[in-house]
Amino acid sequence: AEGVAAPDEAQTDALLERMIELGTPGAEHALLDALTGTFDAEVSMWNVPGLEPEIMTGTMVNSWILGGRFVQSDYSSEWMGQPFYGMGLFGYDKLQGAYMGTWCDTFSTWLAPLGVGQLSEDGNSIVTHKDMVDPMSGLLNHVREVLTFVNDDHHRHEMYTSSEEQDEYLMMRIEYKRTR
């Protein structure tokens, strides 16, 4: 374009160096190794606070993609008498200094908003936050998700939700236990 100077060689080299730095997985990514493998999943869902949860079991297969930059999750089960499949992506964004993840499944036509968060001070959990529309009420809910590393073969995912009309409550808990 006219009036726009082309980047010089030093700028191009600096950009390339920065992109390599940001694109190289680090210790934050290595922490996610505990998530990879095949897991039995027991899902407890509380659609209404205080009631007994609905229980669903399934299988989660998590694997590294894109050279160890993201963990891809592939979930399969049956829910409400229907086959249920879901897929997630989770990783660490070195540019923003935050863990990030999203989800989609066969019971929706949307991508879940990006959850963004940090590793806890004790290093045992990652807490992310996002806002998403509740499919039943149409209201905007705040969602806090807690991923806890119980041990090398067990991790837990909890989803808490709240809105202007509803105090925060535990909506979903998934216990993942390694099978291989």
# chains A, B, ... in the order shown; residues from 1 in each chain; ligands from 1

$ select_by_dssp --residues "chain A" --states "strand (DSSP E or B)" --output "ChimeraX atom specification"
/A:37-45,54-65,70-79,82-93,98-105,115-119,125-133,140-151,154-162,169-178

$ write_last_selection --atoms "C-alpha atoms" --output "mmCIF file, in the first residue's frame"
data_model
loop_
_atom_site.group_PDB
_atom_site.id
_atom_site.type_symbol
_atom_site.label_atom_id
_atom_site.label_comp_id
_atom_site.auth_asym_id
_atom_site.auth_seq_id
_atom_site.Cartn_x
_atom_site.Cartn_y
_atom_site.Cartn_z
ATOM 1 C CA GLY A 37 -4.812 -40.698 27.750
ATOM 2 C CA THR A 38 -8.075 -42.608 27.889
ATOM 3 C CA PHE A 39 -10.377 -42.082 30.861
ATOM 4 C CA ASP A 40 -13.631 -43.466 32.194
ATOM 5 C CA ALA A 41 -15.842 -40.489 32.963
ATOM 6 C CA GLU A 42 -18.617 -40.279 35.522
ATOM 7 C CA VAL A 43 -20.682 -37.153 34.954
ATOM 8 C CA SER A 44 -23.031 -35.789 37.630
ATOM 9 C CA MET A 45 -25.338 -32.973 36.480
ATOM 10 C CA GLU A 54 -28.437 -37.036 36.791
ATOM 11 C CA ILE A 55 -25.565 -39.489 36.291
ATOM 12 C CA MET A 56 -24.000 -40.329 32.940
ATOM 13 C CA THR A 57 -20.918 -42.401 32.180
ATOM 14 C CA GLY A 58 -18.720 -42.218 29.137
ATOM 15 C CA THR A 59 -15.223 -42.341 27.740
ATOM 16 C CA MET A 60 -12.859 -39.398 27.263
ATOM 17 C CA VAL A 61 -9.805 -39.677 25.036
ATOM 18 C CA ASN A 62 -7.395 -36.739 25.370
ATOM 19 C CA SER A 63 -4.400 -36.278 23.101
ATOM 20 C CA TRP A 64 -1.876 -33.623 22.232
ATOM 21 C CA ILE A 65 -2.329 -31.900 18.875
ATOM 22 C CA PHE A 70 -3.301 -28.058 22.724
ATOM 23 C CA VAL A 71 -4.992 -31.045 24.323
ATOM 24 C CA GLN A 72 -7.893 -32.256 22.196
ATOM 25 C CA SER A 73 -10.673 -34.041 24.082
ATOM 26 C CA ASP A 74 -12.998 -36.527 22.403
ATOM 27 C CA TYR A 75 -15.915 -37.687 24.556
ATOM 28 C CA SER A 76 -18.510 -40.362 23.819
ATOM 29 C CA SER A 77 -21.470 -41.672 25.814
ATOM 30 C CA GLU A 78 -25.225 -41.881 25.823
ATOM 31 C CA TRP A 79 -27.343 -39.143 27.390
ATOM 32 C CA GLN A 82 -29.359 -40.565 22.699
ATOM 33 C CA PRO A 83 -25.761 -41.000 21.519
ATOM 34 C CA PHE A 84 -23.689 -38.085 22.800
ATOM 35 C CA TYR A 85 -20.333 -36.901 21.446
ATOM 36 C CA GLY A 86 -18.294 -33.902 22.460
ATOM 37 C CA MET A 87 -14.996 -32.308 21.578
ATOM 38 C CA GLY A 88 -12.883 -29.808 23.454
ATOM 39 C CA LEU A 89 -9.628 -27.939 23.103
ATOM 40 C CA PHE A 90 -7.533 -26.826 26.072
ATOM 41 C CA GLY A 91 -4.147 -25.172 26.241
ATOM 42 C CA TYR A 92 -2.025 -22.350 27.527
ATOM 43 C CA ASP A 93 -1.791 -19.040 25.682
ATOM 44 C CA ALA A 98 -3.646 -17.785 30.633
ATOM 45 C CA TYR A 99 -5.100 -21.255 30.265
ATOM 46 C CA MET A 100 -7.948 -21.402 27.733
ATOM 47 C CA GLY A 101 -10.494 -23.936 26.611
ATOM 48 C CA THR A 102 -13.663 -24.415 24.604
ATOM 49 C CA TRP A 103 -16.183 -27.217 23.964
ATOM 50 C CA CYS A 104 -18.786 -28.335 21.432
ATOM 51 C CA ASP A 105 -21.059 -31.387 21.328
ATOM 52 C CA GLY A 115 -12.959 -20.132 29.285
ATOM 53 C CA VAL A 116 -9.901 -18.189 30.462
ATOM 54 C CA GLY A 117 -8.050 -18.689 33.719
ATOM 55 C CA GLN A 118 -5.024 -19.425 35.834
ATOM 56 C CA LEU A 119 -3.273 -22.182 37.737
ATOM 57 C CA SER A 125 -6.081 -26.845 39.857
ATOM 58 C CA ILE A 126 -6.827 -24.520 36.976
ATOM 59 C CA VAL A 127 -9.783 -22.160 37.394
ATOM 60 C CA THR A 128 -11.354 -20.602 34.296
ATOM 61 C CA HIS A 129 -14.240 -18.160 33.857
ATOM 62 C CA LYS A 130 -16.654 -17.433 31.016
ATOM 63 C CA ASP A 131 -20.092 -15.990 30.406
ATOM 64 C CA MET A 132 -22.601 -17.957 28.357
ATOM 65 C CA VAL A 133 -26.294 -17.924 27.559
ATOM 66 C CA LEU A 140 -26.528 -14.736 30.584
ATOM 67 C CA ASN A 141 -24.857 -16.948 33.186
ATOM 68 C CA HIS A 142 -21.391 -16.697 34.641
ATOM 69 C CA VAL A 143 -19.552 -20.019 34.613
ATOM 70 C CA ARG A 144 -16.587 -20.872 36.809
ATOM 71 C CA GLU A 145 -14.844 -24.117 35.946
ATOM 72 C CA VAL A 146 -12.347 -25.885 38.187
ATOM 73 C CA LEU A 147 -10.031 -28.550 36.787
ATOM 74 C CA THR A 148 -8.381 -30.391 39.706
ATOM 75 C CA PHE A 149 -5.405 -32.709 39.320
ATOM 76 C CA VAL A 150 -6.250 -35.372 41.931
ATOM 77 C CA ASN A 151 -3.313 -37.633 40.988
ATOM 78 C CA HIS A 154 -7.475 -39.018 38.128
ATOM 79 C CA HIS A 155 -8.640 -35.485 37.449
ATOM 80 C CA ARG A 156 -11.920 -33.731 38.175
ATOM 81 C CA HIS A 157 -13.797 -31.072 36.224
ATOM 82 C CA GLU A 158 -16.411 -29.015 38.071
ATOM 83 C CA MET A 159 -18.670 -26.392 36.524
ATOM 84 C CA TYR A 160 -20.349 -23.791 38.718
ATOM 85 C CA THR A 161 -22.949 -21.406 37.324
ATOM 86 C CA SER A 162 -24.598 -18.224 38.569
ATOM 87 C CA TYR A 169 -24.203 -23.607 42.441
ATOM 88 C CA LEU A 170 -22.421 -26.745 41.282
ATOM 89 C CA MET A 171 -24.016 -27.662 37.953
ATOM 90 C CA MET A 172 -21.700 -30.457 36.804
ATOM 91 C CA ARG A 173 -18.907 -32.631 38.164
ATOM 92 C CA ILE A 174 -16.938 -35.092 36.058
ATOM 93 C CA GLU A 175 -14.561 -37.611 37.603
ATOM 94 C CA TYR A 176 -12.019 -38.825 35.038
ATOM 95 C CA LYS A 177 -10.135 -42.040 35.899
ATOM 96 C CA ARG A 178 -7.405 -43.281 33.601
#

$ residues_around --residues "segment 4-18 of chain A" --least-positions-apart "4" --cutoff "12 Å" --atoms "only C-alpha atoms" --output "VMD selection string"
chain A and resid 22 to 24 94 to 95

$ closest_residue --among "A:Leu51, A:Leu111, A:Met80, A:Leu32" --to "Gly123 of chain A" --atoms "only C-alpha atoms"
A:Leu32

$ closest_residue --among "A:Gly50, A:Gly67, A:Ala112, A:Asn124" --to "Leu31 of chain A" --atoms "only C-alpha atoms"
A:Asn124

$ atom_distance --atom1 "atom CA of Leu35 of chain A" --atom2 "atom CA of Asp122 of chain A"
17.9 Å

$ select_by_dssp --residues "chain A" --states "helix (DSSP H, G or I)" --output "JSON list (two decimals) with C-alpha atoms, in the first residue's frame"
[["chain", "number", "residue", "atom", "x", "y", "z"],
["A", 9, "GLU", "CA", 14.99, -7.20, 7.79],
["A", 10, "ALA", "CA", 15.54, -6.48, 11.51],
["A", 11, "GLN", "CA", 11.78, -6.07, 12.09],
["A", 12, "THR", "CA", 11.08, -9.29, 10.20],
["A", 13, "ASP", "CA", 13.70, -11.17, 12.22],
["A", 14, "ALA", "CA", 12.34, -9.77, 15.51],
["A", 15, "LEU", "CA", 8.80, -10.80, 14.54],
["A", 16, "LEU", "CA", 9.93, -14.30, 13.63],
["A", 17, "GLU", "CA", 11.85, -14.63, 16.90],
["A", 18, "ARG", "CA", 8.79, -13.50, 18.90],
["A", 19, "MET", "CA", 6.46, -15.90, 17.08],
["A", 20, "ILE", "CA", 8.84, -18.80, 17.72],
["A", 21, "GLU", "CA", 8.97, -17.85, 21.42],
["A", 22, "LEU", "CA", 5.16, -17.65, 21.67],
["A", 23, "GLY", "CA", 4.68, -20.82, 19.64],
["A", 27, "ALA", "CA", 6.13, -25.75, 31.42],
["A", 28, "GLU", "CA", 2.49, -24.61, 31.44],
["A", 29, "HIS", "CA", 1.81, -27.03, 28.62],
["A", 30, "ALA", "CA", 3.75, -29.87, 30.27],
["A", 31, "LEU", "CA", 1.39, -29.62, 33.25],
["A", 32, "LEU", "CA", -1.41, -30.74, 30.92],
["A", 33, "ASP", "CA", 0.32, -34.09, 30.23],
["A", 34, "ALA", "CA", -1.69, -35.47, 33.17],
["A", 35, "LEU", "CA", -4.84, -34.96, 31.09]]

$ closest_residue --among "A:Glu165, A:Leu114, A:Thr179, A:Pro135" --to "Asp153 of chain A" --atoms "only C-alpha atoms"
A:Thr179

$ atom_distance --atom1 "atom CA of Val48 of chain A" --atom2 "atom CA of Phe107 of chain A"
18.9 Å

$ atom_distance --atom1 "atom CA of Asn47 of chain A" --atom2 "atom CA of Asp134 of chain A"
11.3 Å

$ closest_residue --among "A:Arg180, A:Trp110, A:Glu2, A:Arg69" --to "Thr36 of chain A" --atoms "only C-alpha atoms"
A:Arg180
